[in-house]
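Engineer: For reference, the file target_31.cif (mmCIF, C-alpha atoms; chains and numbers go by the auth columns) is included below:
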data_run
#
loop_
_atom_site.group_PDB
_atom_site.id
_atom_site.type_symbol
_atom_site.label_atom_id
_atom_site.label_comp_id
_atom_site.label_asym_id
_atom_site.label_seq_id
_atom_site.Cartn_x
_atom_site.Cartn_y
_atom_site.Cartn_z
_atom_site.B_iso_or_equiv
_atom_site.auth_seq_id
_atom_site.auth_asym_id
ATOM 1 C CA MET A 1 0.000 0.000 0.000 0.00 1 A
ATOM 2 C CA THR A 2 1.417 3.375 -0.985 0.00 2 A
ATOM 3 C CA THR A 3 1.209 6.482 1.147 0.00 3 A
ATOM 4 C CA PRO A 4 -1.927 8.529 0.365 0.00 4 A
ATOM 5 C CA GLN A 5 -1.176 11.231 -2.178 0.00 5 A
ATOM 6 C CA THR A 6 -3.822 13.623 -0.858 0.00 6 A
ATOM 7 C CA LEU A 7 -4.805 14.155 2.774 0.00 7 A
ATOM 8 C CA GLY A 8 -7.631 16.200 4.223 0.00 8 A
ATOM 9 C CA PHE A 9 -8.113 17.750 7.655 0.00 9 A
ATOM 10 C CA ILE A 10 -11.568 18.366 9.129 0.00 10 A
ATOM 11 C CA GLY A 11 -10.730 20.545 12.113 0.00 11 A
ATOM 12 C CA VAL A 12 -7.610 22.682 11.944 0.00 12 A
ATOM 13 C CA GLY A 13 -6.339 23.372 15.450 0.00 13 A
ATOM 14 C CA ASP A 14 -3.162 22.659 17.389 0.00 14 A
ATOM 15 C CA LEU A 15 -3.252 18.919 16.727 0.00 15 A
ATOM 16 C CA ALA A 16 -3.553 19.433 12.993 0.00 16 A
ATOM 17 C CA GLU A 17 -0.765 22.019 13.154 0.00 17 A
ATOM 18 C CA TYR A 18 1.814 19.774 14.807 0.00 18 A
ATOM 19 C CA THR A 19 0.819 16.723 12.745 0.00 19 A
ATOM 20 C CA ILE A 20 1.104 18.606 9.451 0.00 20 A
ATOM 21 C CA THR A 21 4.391 20.170 10.555 0.00 21 A
ATOM 22 C CA GLY A 22 5.793 16.709 11.297 0.00 22 A
ATOM 23 C CA LEU A 23 4.526 15.228 8.058 0.00 23 A
ATOM 24 C CA ARG A 24 6.135 17.975 5.988 0.00 24 A
ATOM 25 C CA ARG A 25 9.386 18.003 7.935 0.00 25 A
ATOM 26 C CA GLY A 26 9.503 14.223 7.633 0.00 26 A
ATOM 27 C CA GLY A 27 9.253 14.401 3.857 0.00 27 A
ATOM 28 C CA TYR A 28 5.572 13.935 3.003 0.00 28 A
ATOM 29 C CA GLN A 29 5.043 15.668 -0.345 0.00 29 A
ATOM 30 C CA GLY A 30 1.397 14.943 -1.120 0.00 30 A
ATOM 31 C CA ARG A 31 -1.426 17.471 -1.180 0.00 31 A
ATOM 32 C CA ILE A 32 -2.891 18.532 2.176 0.00 32 A
ATOM 33 C CA LEU A 33 -6.406 19.994 2.122 0.00 33 A
ATOM 34 C CA LEU A 34 -7.733 22.022 5.055 0.00 34 A
ATOM 35 C CA SER A 35 -11.211 22.862 6.272 0.00 35 A
ATOM 36 C CA PRO A 36 -11.800 26.630 6.319 0.00 36 A
ATOM 37 C CA ARG A 37 -13.391 27.201 9.719 0.00 37 A
ATOM 38 C CA ASN A 38 -10.222 28.175 11.630 0.00 38 A
ATOM 39 C CA ARG A 39 -9.160 30.689 9.033 0.00 39 A
ATOM 40 C CA THR A 40 -6.142 31.989 10.909 0.00 40 A
ATOM 41 C CA MET A 41 -4.578 28.562 11.446 0.00 41 A
ATOM 42 C CA SER A 42 -5.545 27.341 7.979 0.00 42 A
ATOM 43 C CA ALA A 43 -3.950 30.386 6.359 0.00 43 A
ATOM 44 C CA LYS A 44 -0.782 29.908 8.391 0.00 44 A
ATOM 45 C CA LEU A 45 -0.485 26.225 7.459 0.00 45 A
ATOM 46 C CA ALA A 46 -1.181 27.012 3.826 0.00 46 A
ATOM 47 C CA SER A 47 1.665 29.526 3.867 0.00 47 A
ATOM 48 C CA ASP A 48 4.150 27.547 5.962 0.00 48 A
ATOM 49 C CA TRP A 49 3.556 24.002 4.726 0.00 49 A
ATOM 50 C CA GLN A 50 2.039 24.170 1.249 0.00 50 A
ATOM 51 C CA CYS A 51 -1.517 23.287 2.227 0.00 51 A
ATOM 52 C CA GLU A 52 -4.716 24.195 0.402 0.00 52 A
ATOM 53 C CA VAL A 53 -7.685 25.791 2.167 0.00 53 A
ATOM 54 C CA MET A 54 -10.949 24.427 0.772 0.00 54 A
ATOM 55 C CA GLN A 55 -14.355 26.102 0.632 0.00 55 A
ATOM 56 C CA SER A 56 -16.030 23.636 3.019 0.00 56 A
ATOM 57 C CA ASN A 57 -15.599 20.396 4.932 0.00 57 A
ATOM 58 C CA GLN A 58 -17.457 18.625 2.135 0.00 58 A
ATOM 59 C CA ASP A 59 -14.932 19.921 -0.393 0.00 59 A
ATOM 60 C CA VAL A 60 -12.163 18.411 1.745 0.00 60 A
ATOM 61 C CA VAL A 61 -13.885 15.016 1.799 0.00 61 A
ATOM 62 C CA ASN A 62 -14.680 15.081 -1.911 0.00 62 A
ATOM 63 C CA ASN A 63 -11.095 15.699 -2.942 0.00 63 A
ATOM 64 C CA CYS A 64 -9.175 13.128 -0.888 0.00 64 A
ATOM 65 C CA ASP A 65 -9.375 9.439 -0.037 0.00 65 A
ATOM 66 C CA TYR A 66 -7.963 9.815 3.495 0.00 66 A
ATOM 67 C CA PHE A 67 -8.982 12.596 5.827 0.00 67 A
ATOM 68 C CA PHE A 68 -8.147 13.404 9.428 0.00 68 A
ATOM 69 C CA LEU A 69 -11.019 13.984 11.796 0.00 69 A
ATOM 70 C CA SER A 70 -9.326 16.425 14.178 0.00 70 A
ATOM 71 C CA THR A 71 -12.160 18.478 15.641 0.00 71 A
ATOM 72 C CA ARG A 72 -12.837 18.839 19.345 0.00 72 A
ATOM 73 C CA PRO A 73 -14.500 15.729 20.831 0.00 73 A
ATOM 74 C CA ALA A 74 -17.732 17.622 21.488 0.00 74 A
ATOM 75 C CA ASP A 75 -17.963 18.683 17.842 0.00 75 A
ATOM 76 C CA CYS A 76 -16.818 15.616 15.897 0.00 76 A
ATOM 77 C CA LEU A 77 -20.087 13.671 15.610 0.00 77 A
ATOM 78 C CA ASP A 78 -22.049 16.733 14.528 0.00 78 A
ATOM 79 C CA ALA A 79 -19.337 17.542 11.982 0.00 79 A
ATOM 80 C CA LEU A 80 -19.681 14.052 10.487 0.00 80 A
ATOM 81 C CA ARG A 81 -23.492 14.047 10.406 0.00 81 A
ATOM 82 C CA VAL A 82 -23.680 16.772 7.789 0.00 82 A
ATOM 83 C CA LEU A 83 -21.112 15.215 5.447 0.00 83 A
ATOM 84 C CA GLU A 84 -21.712 12.886 2.527 0.00 84 A
ATOM 85 C CA ILE A 85 -18.978 10.269 2.767 0.00 85 A
ATOM 86 C CA SER A 86 -18.686 7.493 0.202 0.00 86 A
ATOM 87 C CA SER A 87 -17.610 3.988 1.172 0.00 87 A
ATOM 88 C CA ASP A 88 -14.197 4.333 -0.489 0.00 88 A
ATOM 89 C CA LYS A 89 -13.124 7.055 1.951 0.00 89 A
ATOM 90 C CA HIS A 90 -10.857 6.472 4.957 0.00 90 A
ATOM 91 C CA ILE A 91 -11.172 8.415 8.206 0.00 91 A
ATOM 92 C CA ILE A 92 -8.137 8.931 10.441 0.00 92 A
ATOM 93 C CA SER A 93 -9.625 9.944 13.774 0.00 93 A
ATOM 94 C CA VAL A 94 -7.411 11.782 16.243 0.00 94 A
ATOM 95 C CA VAL A 95 -10.369 12.701 18.454 0.00 95 A
ATOM 96 C CA ALA A 96 -9.753 11.626 22.050 0.00 96 A
ATOM 97 C CA GLY A 97 -12.373 9.486 23.738 0.00 97 A
ATOM 98 C CA ILE A 98 -14.580 8.829 20.693 0.00 98 A
ATOM 99 C CA THR A 99 -14.687 5.143 19.790 0.00 99 A
ATOM 100 C CA ILE A 100 -14.885 3.579 16.353 0.00 100 A
ATOM 101 C CA SER A 101 -18.383 2.272 17.108 0.00 101 A
ATOM 102 C CA GLN A 102 -19.557 5.795 17.998 0.00 102 A
ATOM 103 C CA LEU A 103 -18.260 7.057 14.657 0.00 103 A
ATOM 104 C CA HIS A 104 -19.864 4.161 12.764 0.00 104 A
ATOM 105 C CA GLU A 105 -23.221 4.938 14.384 0.00 105 A
ATOM 106 C CA VAL A 106 -23.144 8.292 12.627 0.00 106 A
ATOM 107 C CA ILE A 107 -21.648 7.399 9.235 0.00 107 A
ATOM 108 C CA GLY A 108 -22.464 3.694 8.853 0.00 108 A
ATOM 109 C CA ASP A 109 -20.304 0.585 8.884 0.00 109 A
ATOM 110 C CA GLN A 110 -18.989 0.733 5.313 0.00 110 A
ATOM 111 C CA ILE A 111 -16.347 3.428 5.850 0.00 111 A
ATOM 112 C CA ASN A 112 -12.886 2.511 7.121 0.00 112 A
ATOM 113 C CA ILE A 113 -11.890 4.249 10.351 0.00 113 A
ATOM 114 C CA VAL A 114 -8.474 4.243 12.012 0.00 114 A
ATOM 115 C CA ARG A 115 -7.918 5.838 15.413 0.00 115 A
ATOM 116 C CA THR A 116 -4.544 7.468 16.015 0.00 116 A
ATOM 117 C CA MET A 117 -2.882 9.403 18.824 0.00 117 A
ATOM 118 C CA PRO A 118 -0.021 11.671 17.711 0.00 118 A
ATOM 119 C CA VAL A 119 1.522 13.961 20.332 0.00 119 A
ATOM 120 C CA THR A 120 3.165 17.348 19.981 0.00 120 A
ATOM 121 C CA CYS A 121 6.670 15.982 19.376 0.00 121 A
ATOM 122 C CA ALA A 122 5.351 14.987 15.936 0.00 122 A
ATOM 123 C CA LYS A 123 6.613 18.399 14.847 0.00 123 A
ATOM 124 C CA ALA A 124 10.109 17.216 15.864 0.00 124 A
ATOM 125 C CA MET A 125 9.481 13.974 13.894 0.00 125 A
ATOM 126 C CA ALA A 126 9.591 12.056 17.179 0.00 126 A
ATOM 127 C CA SER A 127 5.994 11.090 17.968 0.00 127 A
ATOM 128 C CA PRO A 128 5.410 7.445 18.951 0.00 128 A
ATOM 129 C CA THR A 129 1.896 7.403 17.482 0.00 129 A
ATOM 130 C CA LEU A 130 -0.557 4.755 18.642 0.00 130 A
ATOM 131 C CA VAL A 131 -2.707 3.366 15.813 0.00 131 A
ATOM 132 C CA TYR A 132 -5.757 1.069 15.773 0.00 132 A
ATOM 133 C CA PRO A 133 -6.545 -0.896 13.723 0.00 133 A
ATOM 134 C CA SER A 134 -3.438 -1.372 11.643 0.00 134 A
ATOM 135 C CA SER A 135 -3.496 0.304 8.250 0.00 135 A
ATOM 136 C CA PRO A 136 -0.346 0.171 6.100 0.00 136 A
ATOM 137 C CA ALA A 137 -1.117 3.544 4.529 0.00 137 A
ATOM 138 C CA VAL A 138 -1.827 5.251 7.849 0.00 138 A
ATOM 139 C CA ASN A 139 1.162 3.592 9.517 0.00 139 A
ATOM 140 C CA GLN A 140 3.407 4.988 6.790 0.00 140 A
ATOM 141 C CA LEU A 141 2.021 8.472 7.330 0.00 141 A
ATOM 142 C CA PHE A 142 2.947 8.482 10.994 0.00 142 A
ATOM 143 C CA ASP A 143 6.387 7.096 10.254 0.00 143 A
ATOM 144 C CA TYR A 144 7.036 10.491 8.629 0.00 144 A
ATOM 145 C CA CYS A 145 6.616 12.238 11.976 0.00 145 A
ATOM 146 C CA GLY A 146 8.007 9.567 14.298 0.00 146 A
ATOM 147 C CA ASN A 147 6.858 5.957 14.330 0.00 147 A
ATOM 148 C CA ALA A 148 3.518 4.173 14.287 0.00 148 A
ATOM 149 C CA ILE A 149 2.797 1.727 17.127 0.00 149 A
ATOM 150 C CA VAL A 150 -0.135 -0.584 16.373 0.00 150 A
ATOM 151 C CA ALA A 151 -2.454 -1.470 19.274 0.00 151 A
ATOM 152 C CA ASP A 152 -3.812 -5.015 19.508 0.00 152 A
ATOM 153 C CA ASP A 153 -7.378 -3.830 20.107 0.00 153 A
ATOM 154 C CA GLU A 154 -9.321 -0.681 20.938 0.00 154 A
ATOM 155 C CA GLU A 155 -9.112 -1.288 24.670 0.00 155 A
ATOM 156 C CA ALA A 156 -5.318 -1.257 24.388 0.00 156 A
ATOM 157 C CA PHE A 157 -5.584 1.921 22.338 0.00 157 A
ATOM 158 C CA ASN A 158 -7.677 3.573 25.050 0.00 158 A
ATOM 159 C CA GLN A 159 -5.211 2.557 27.737 0.00 159 A
ATOM 160 C CA GLY A 160 -2.424 3.982 25.605 0.00 160 A
ATOM 161 C CA SER A 161 -4.009 7.408 25.947 0.00 161 A
ATOM 162 C CA VAL A 162 -2.735 7.376 29.542 0.00 162 A
ATOM 163 C CA VAL A 163 0.811 7.336 28.190 0.00 163 A
ATOM 164 C CA ALA A 164 -0.013 10.275 25.928 0.00 164 A
ATOM 165 C CA CYS A 165 -0.936 12.202 29.075 0.00 165 A
ATOM 166 C CA VAL A 166 2.218 11.066 30.878 0.00 166 A
ATOM 167 C CA TYR A 167 4.166 12.514 27.949 0.00 167 A
ATOM 168 C CA SER A 168 2.965 15.993 28.895 0.00 168 A
ATOM 169 C CA TRP A 169 4.070 15.502 32.505 0.00 169 A
ATOM 170 C CA TYR A 170 7.676 14.925 31.449 0.00 170 A
ATOM 171 C CA PHE A 171 8.016 18.605 30.578 0.00 171 A
ATOM 172 C CA ALA A 172 7.073 19.665 34.098 0.00 172 A
ATOM 173 C CA LEU A 173 9.570 17.169 35.534 0.00 173 A
ATOM 174 C CA PHE A 174 12.311 18.393 33.192 0.00 174 A
ATOM 175 C CA ASN A 175 11.623 21.960 34.282 0.00 175 A
ATOM 176 C CA GLU A 176 11.972 21.050 37.967 0.00 176 A
ATOM 177 C CA LEU A 177 15.239 19.206 37.337 0.00 177 A
ATOM 178 C CA ILE A 178 16.651 22.085 35.278 0.00 178 A
ATOM 179 C CA ASP A 179 15.898 24.517 38.108 0.00 179 A
ATOM 180 C CA ALA A 180 17.305 22.159 40.745 0.00 180 A
ATOM 181 C CA CYS A 181 20.579 21.592 38.885 0.00 181 A
ATOM 182 C CA SER A 182 21.305 25.189 37.853 0.00 182 A
ATOM 183 C CA ASN A 183 23.090 27.741 40.031 0.00 183 A
ATOM 184 C CA GLN A 184 25.741 30.454 39.742 0.00 184 A
ATOM 185 C CA SER A 185 28.244 27.912 38.462 0.00 185 A
ATOM 186 C CA LEU A 186 25.927 26.110 36.048 0.00 186 A
ATOM 187 C CA SER A 187 23.687 28.331 33.957 0.00 187 A
ATOM 188 C CA LYS A 188 20.065 27.429 33.338 0.00 188 A
ATOM 189 C CA GLN A 189 20.834 27.113 29.633 0.00 189 A
ATOM 190 C CA MET A 190 23.608 24.589 30.238 0.00 190 A
ATOM 191 C CA SER A 191 21.519 22.789 32.850 0.00 191 A
ATOM 192 C CA SER A 192 18.723 22.543 30.279 0.00 192 A
ATOM 193 C CA GLU A 193 21.048 21.080 27.658 0.00 193 A
ATOM 194 C CA LEU A 194 22.316 18.500 30.145 0.00 194 A
ATOM 195 C CA VAL A 195 18.935 17.513 31.608 0.00 195 A
ATOM 196 C CA LEU A 196 17.206 17.215 28.227 0.00 196 A
ATOM 197 C CA GLY A 197 20.212 15.516 26.649 0.00 197 A
ATOM 198 C CA MET A 198 20.388 12.992 29.498 0.00 198 A
ATOM 199 C CA ALA A 199 16.652 12.310 29.132 0.00 199 A
ATOM 200 C CA ARG A 200 17.084 11.683 25.420 0.00 200 A
ATOM 201 C CA GLY A 201 20.092 9.467 26.084 0.00 201 A
ATOM 202 C CA ALA A 202 18.299 7.463 28.767 0.00 202 A
ATOM 203 C CA ALA A 203 15.317 6.852 26.487 0.00 203 A
ATOM 204 C CA SER A 204 17.605 5.872 23.601 0.00 204 A
ATOM 205 C CA LEU A 205 19.495 3.362 25.754 0.00 205 A
ATOM 206 C CA ALA A 206 16.292 1.885 27.183 0.00 206 A
ATOM 207 C CA ILE A 207 14.902 1.440 23.666 0.00 207 A
ATOM 208 C CA GLN A 208 18.118 -0.136 22.404 0.00 208 A
ATOM 209 C CA ASP A 209 18.691 -2.464 25.381 0.00 209 A
ATOM 210 C CA LYS A 210 16.038 -5.097 24.703 0.00 210 A
ATOM 211 C CA GLY A 211 17.409 -7.472 27.333 0.00 211 A
ATOM 212 C CA ASN A 212 16.812 -5.270 30.373 0.00 212 A
ATOM 213 C CA SER A 213 13.901 -3.258 31.682 0.00 213 A
ATOM 214 C CA PRO A 214 14.460 0.445 32.457 0.00 214 A
ATOM 215 C CA GLY A 215 14.371 -0.436 36.160 0.00 215 A
ATOM 216 C CA GLU A 216 17.135 -3.002 35.687 0.00 216 A
ATOM 217 C CA ILE A 217 19.222 -0.467 33.778 0.00 217 A
ATOM 218 C CA ALA A 218 18.804 2.015 36.648 0.00 218 A
ATOM 219 C CA GLU A 219 19.946 -0.553 39.201 0.00 219 A
ATOM 220 C CA ALA A 220 22.940 -1.480 37.051 0.00 220 A
ATOM 221 C CA ILE A 221 24.049 2.158 36.875 0.00 221 A
ATOM 222 C CA ALA A 222 23.273 3.079 40.493 0.00 222 A
ATOM 223 C CA THR A 223 25.721 0.649 42.118 0.00 223 A
ATOM 224 C CA GLU A 224 26.754 0.647 45.766 0.00 224 A
ATOM 225 C CA GLY A 225 28.824 3.669 46.772 0.00 225 A
ATOM 226 C CA THR A 226 27.890 5.846 43.799 0.00 226 A
ATOM 227 C CA PHE A 227 26.159 9.218 43.920 0.00 227 A
ATOM 228 C CA SER A 228 23.600 7.776 41.487 0.00 228 A
ATOM 229 C CA LYS A 229 22.552 5.214 44.090 0.00 229 A
ATOM 230 C CA LEU A 230 22.503 7.846 46.840 0.00 230 A
ATOM 231 C CA GLY A 231 20.017 9.925 44.890 0.00 231 A
ATOM 232 C CA LEU A 232 17.933 6.950 43.749 0.00 232 A
ATOM 233 C CA ASP A 233 17.686 5.669 47.322 0.00 233 A
ATOM 234 C CA ILE A 234 16.423 9.061 48.492 0.00 234 A
ATOM 235 C CA LEU A 235 13.768 9.089 45.766 0.00 235 A
ATOM 236 C CA LYS A 236 12.629 5.608 46.793 0.00 236 A
ATOM 237 C CA GLN A 237 12.618 6.483 50.512 0.00 237 A
ATOM 238 C CA GLU A 238 10.504 9.561 49.794 0.00 238 A
ATOM 239 C CA ALA A 239 8.125 7.523 47.635 0.00 239 A
ATOM 240 C CA ALA A 240 8.798 9.981 44.827 0.00 240 A
ATOM 241 C CA PHE A 241 7.267 7.734 42.195 0.00 241 A
ATOM 242 C CA GLU A 242 3.997 7.150 44.064 0.00 242 A
ATOM 243 C CA PRO A 243 2.243 10.331 42.827 0.00 243 A
ATOM 244 C CA TRP A 244 3.025 9.340 39.238 0.00 244 A
ATOM 245 C CA LEU A 245 1.445 5.925 39.790 0.00 245 A
ATOM 246 C CA LYS A 246 -1.556 7.539 41.469 0.00 246 A
ATOM 247 C CA ALA A 247 -2.044 9.925 38.555 0.00 247 A
ATOM 248 C CA CYS A 248 -1.812 7.075 36.020 0.00 248 A
ATOM 249 C CA ASN A 249 -4.266 4.917 37.973 0.00 249 A
ATOM 250 C CA GLU A 250 -6.748 7.791 38.199 0.00 250 A
ATOM 251 C CA LEU A 251 -6.652 8.257 34.425 0.00 251 A
ATOM 252 C CA LYS A 252 -7.076 4.521 33.836 0.00 252 A
ATOM 253 C CA SER A 253 -10.074 4.358 36.182 0.00 253 A
ATOM 254 C CA ARG A 254 -11.775 7.189 34.314 0.00 254 A
ATOM 255 C CA LEU A 255 -11.153 5.529 30.983 0.00 255 A
ATOM 256 C CA ASN A 256 -12.821 2.358 32.205 0.00 256 A
ATOM 257 C CA LYS A 257 -16.022 4.106 33.300 0.00 257 A
#
Let me see the file written as structure tokens.
Structural biologist:
Amino acid sequence: MTTPQTLGFIGVGDLAEYTITGLRRGGYQGRILLSPRNRTMSAKLASDWQCEVMQSNQDVVNNCDYFFLSTRPADCLDALRVLEISSDKHIISVVAGITISQLHEVIGDQINIVRTMPVTCAKAMASPTLVYPSSPAVNQLFDYCGNAIVADDEEAFNQGSVVACVYSWYFALFNELIDACSNQSLSKQMSSELVLGMARGAASLAIQDKGNSPGEIAEAIATEGTFSKLGLDILKQEAAFEPWLKACNELKSRLNK
């Protein structure tokens, strides 16, 4: 299956902006058609990333085989109800919390729907994008702006949305560590380079080392008598990881309601 040559976007907000930025930076050269409602964002994307602003949502659908449904969750079903969508179209839904069955109730069972979950680092071509169900064409699209990760079922996809939220928490943690490590001797800029570089390096090693879990890698580095172990022991004694677990469990419980 080849990558779609024309993509549409119904809903042009922040999510569309960082996805399109990643696609273009990653090398996608096909046409990208935008709905006109958010005129400011659509005009900016048309100028920055060679997109085309259409006259209506229906014009977007009529002129592409694959289109992103990227409206707000509260608006997506109403946006679909007024569209005429033929059975050869493919919907790529990035709308959080709206299931495939909910979408099919509105548009019928004949139209292919793939749920996806890109995050903002797509614009840095680094988004690990959850996809369900697998679609070779859609998977290839998200490989432009990171890598596609196919969920086994929709329940797994829903649980994966917890990780997408955890992603946003990393930035707050990085900020705290940058502040804690900087002082008169170490500037905030240098502290930032070190903290973010170490985070990237740790993730790269954990991905590469298939034989050990991240916890095992931490224990192997933080050996007896090292400053690494001193700090790790303090974090464990203070139950520093407990709030993270609590936050994750709260999100999971809400997803299962």
Engineer: Which residues, named as in the file, does the PyMOL selection byres ((chain A and resi 139-156) around 9) pick out? Answer as a CSV table (one decimal) with C-alpha atoms, keeping the file's coordinate frame.
Structural biologist:
chain,number,residue,atom,x,y,z
A,2,THR,CA,1.4,3.4,-1.0
A,3,THR,CA,1.2,6.5,1.1
A,4,PRO,CA,-1.9,8.5,0.4
A,19,THR,CA,0.8,16.7,12.7
A,20,ILE,CA,1.1,18.6,9.5
A,21,THR,CA,4.4,20.2,10.6
A,22,GLY,CA,5.8,16.7,11.3
A,23,LEU,CA,4.5,15.2,8.1
A,24,ARG,CA,6.1,18.0,6.0
A,25,ARG,CA,9.4,18.0,7.9
A,26,GLY,CA,9.5,14.2,7.6
A,27,GLY,CA,9.3,14.4,3.9
A,28,TYR,CA,5.6,13.9,3.0
A,99,THR,CA,-14.7,5.1,19.8
A,100,ILE,CA,-14.9,3.6,16.4
A,115,ARG,CA,-7.9,5.8,15.4
A,116,THR,CA,-4.5,7.5,16.0
A,118,PRO,CA,0.0,11.7,17.7
A,121,CYS,CA,6.7,16.0,19.4
A,122,ALA,CA,5.4,15.0,15.9
A,123,LYS,CA,6.6,18.4,14.8
A,124,ALA,CA,10.1,17.2,15.9
A,125,MET,CA,9.5,14.0,13.9
A,126,ALA,CA,9.6,12.1,17.2
A,127,SER,CA,6.0,11.1,18.0
A,128,PRO,CA,5.4,7.4,19.0
A,129,THR,CA,1.9,7.4,17.5
A,130,LEU,CA,-0.6,4.8,18.6
A,131,VAL,CA,-2.7,3.4,15.8
A,132,TYR,CA,-5.8,1.1,15.8
A,133,PRO,CA,-6.5,-0.9,13.7
A,134,SER,CA,-3.4,-1.4,11.6
A,135,SER,CA,-3.5,0.3,8.2
A,136,PRO,CA,-0.3,0.2,6.1
A,137,ALA,CA,-1.1,3.5,4.5
A,138,VAL,CA,-1.8,5.3,7.8
A,157,PHE,CA,-5.6,1.9,22.3
A,158,ASN,CA,-7.7,3.6,25.0
A,159,GLN,CA,-5.2,2.6,27.7
A,160,GLY,CA,-2.4,4.0,25.6
A,161,SER,CA,-4.0,7.4,25.9
Engineer: What's the 9 Å shell around A:Asp59, counting only C-alpha atoms, without same-chain residues fewer than 5 positions away, as a CSV table (one decimal) with C-alpha atoms, keeping the file's coordinate frame?
Structural biologist:
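So the final result, stored in selection-v8.csv, reads:
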chain,number,residue,atom,x,y,z
A,33,LEU,CA,-6.4,20.0,2.1
A,35,SER,CA,-11.2,22.9,6.3
A,54,MET,CA,-10.9,24.4,0.8
A,64,CYS,CA,-9.2,13.1,-0.9
Engineer: Taking the file as shown, what set of residues would the PyMOL selection byres ((chain A and resi 11) around 6) give back, as a ChimeraX atom specification?
Structural biologist: /A:9-10,12,70-71
Engineer: Between atom CA of A:Gly108 and atom CA of A:Ile92, what is the distance in Å, rounded to a tenth?
Structural biologist: 15.3 Å
Engineer: Give me the result of the PyMOL selection byres ((chain A and resi 168-170) around 12) on this file, residue by residue, as a ChimeraX atom specification.
Structural biologist: /A:119-121,161-167,171-177,195-196,199-200,243-244,247-248
Engineer: Here is a test: counting only C-alpha atoms, which residue of A:His104, A:Lys252, A:Arg37, A:Lys210 is nearest to A:Ser87?
Structural biologist: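 Comparing A:His104, A:Lys252, A:Arg37, A:Lys210 against A:Ser87, the winner is A:His104.
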Engineer: Would you mind reading off the distance between atom CA of A:Val53 and atom CA of A:Gln110, one decimal, in Å?
Structural biologist: 27.7 Å
Engineer: When distances are computed from only C-alpha atoms, which of A:Leu103, A:Val82, A:Leu251, A:Leu232 shows the smallest separation from A:Gly215?
Structural biologist: A:Leu232
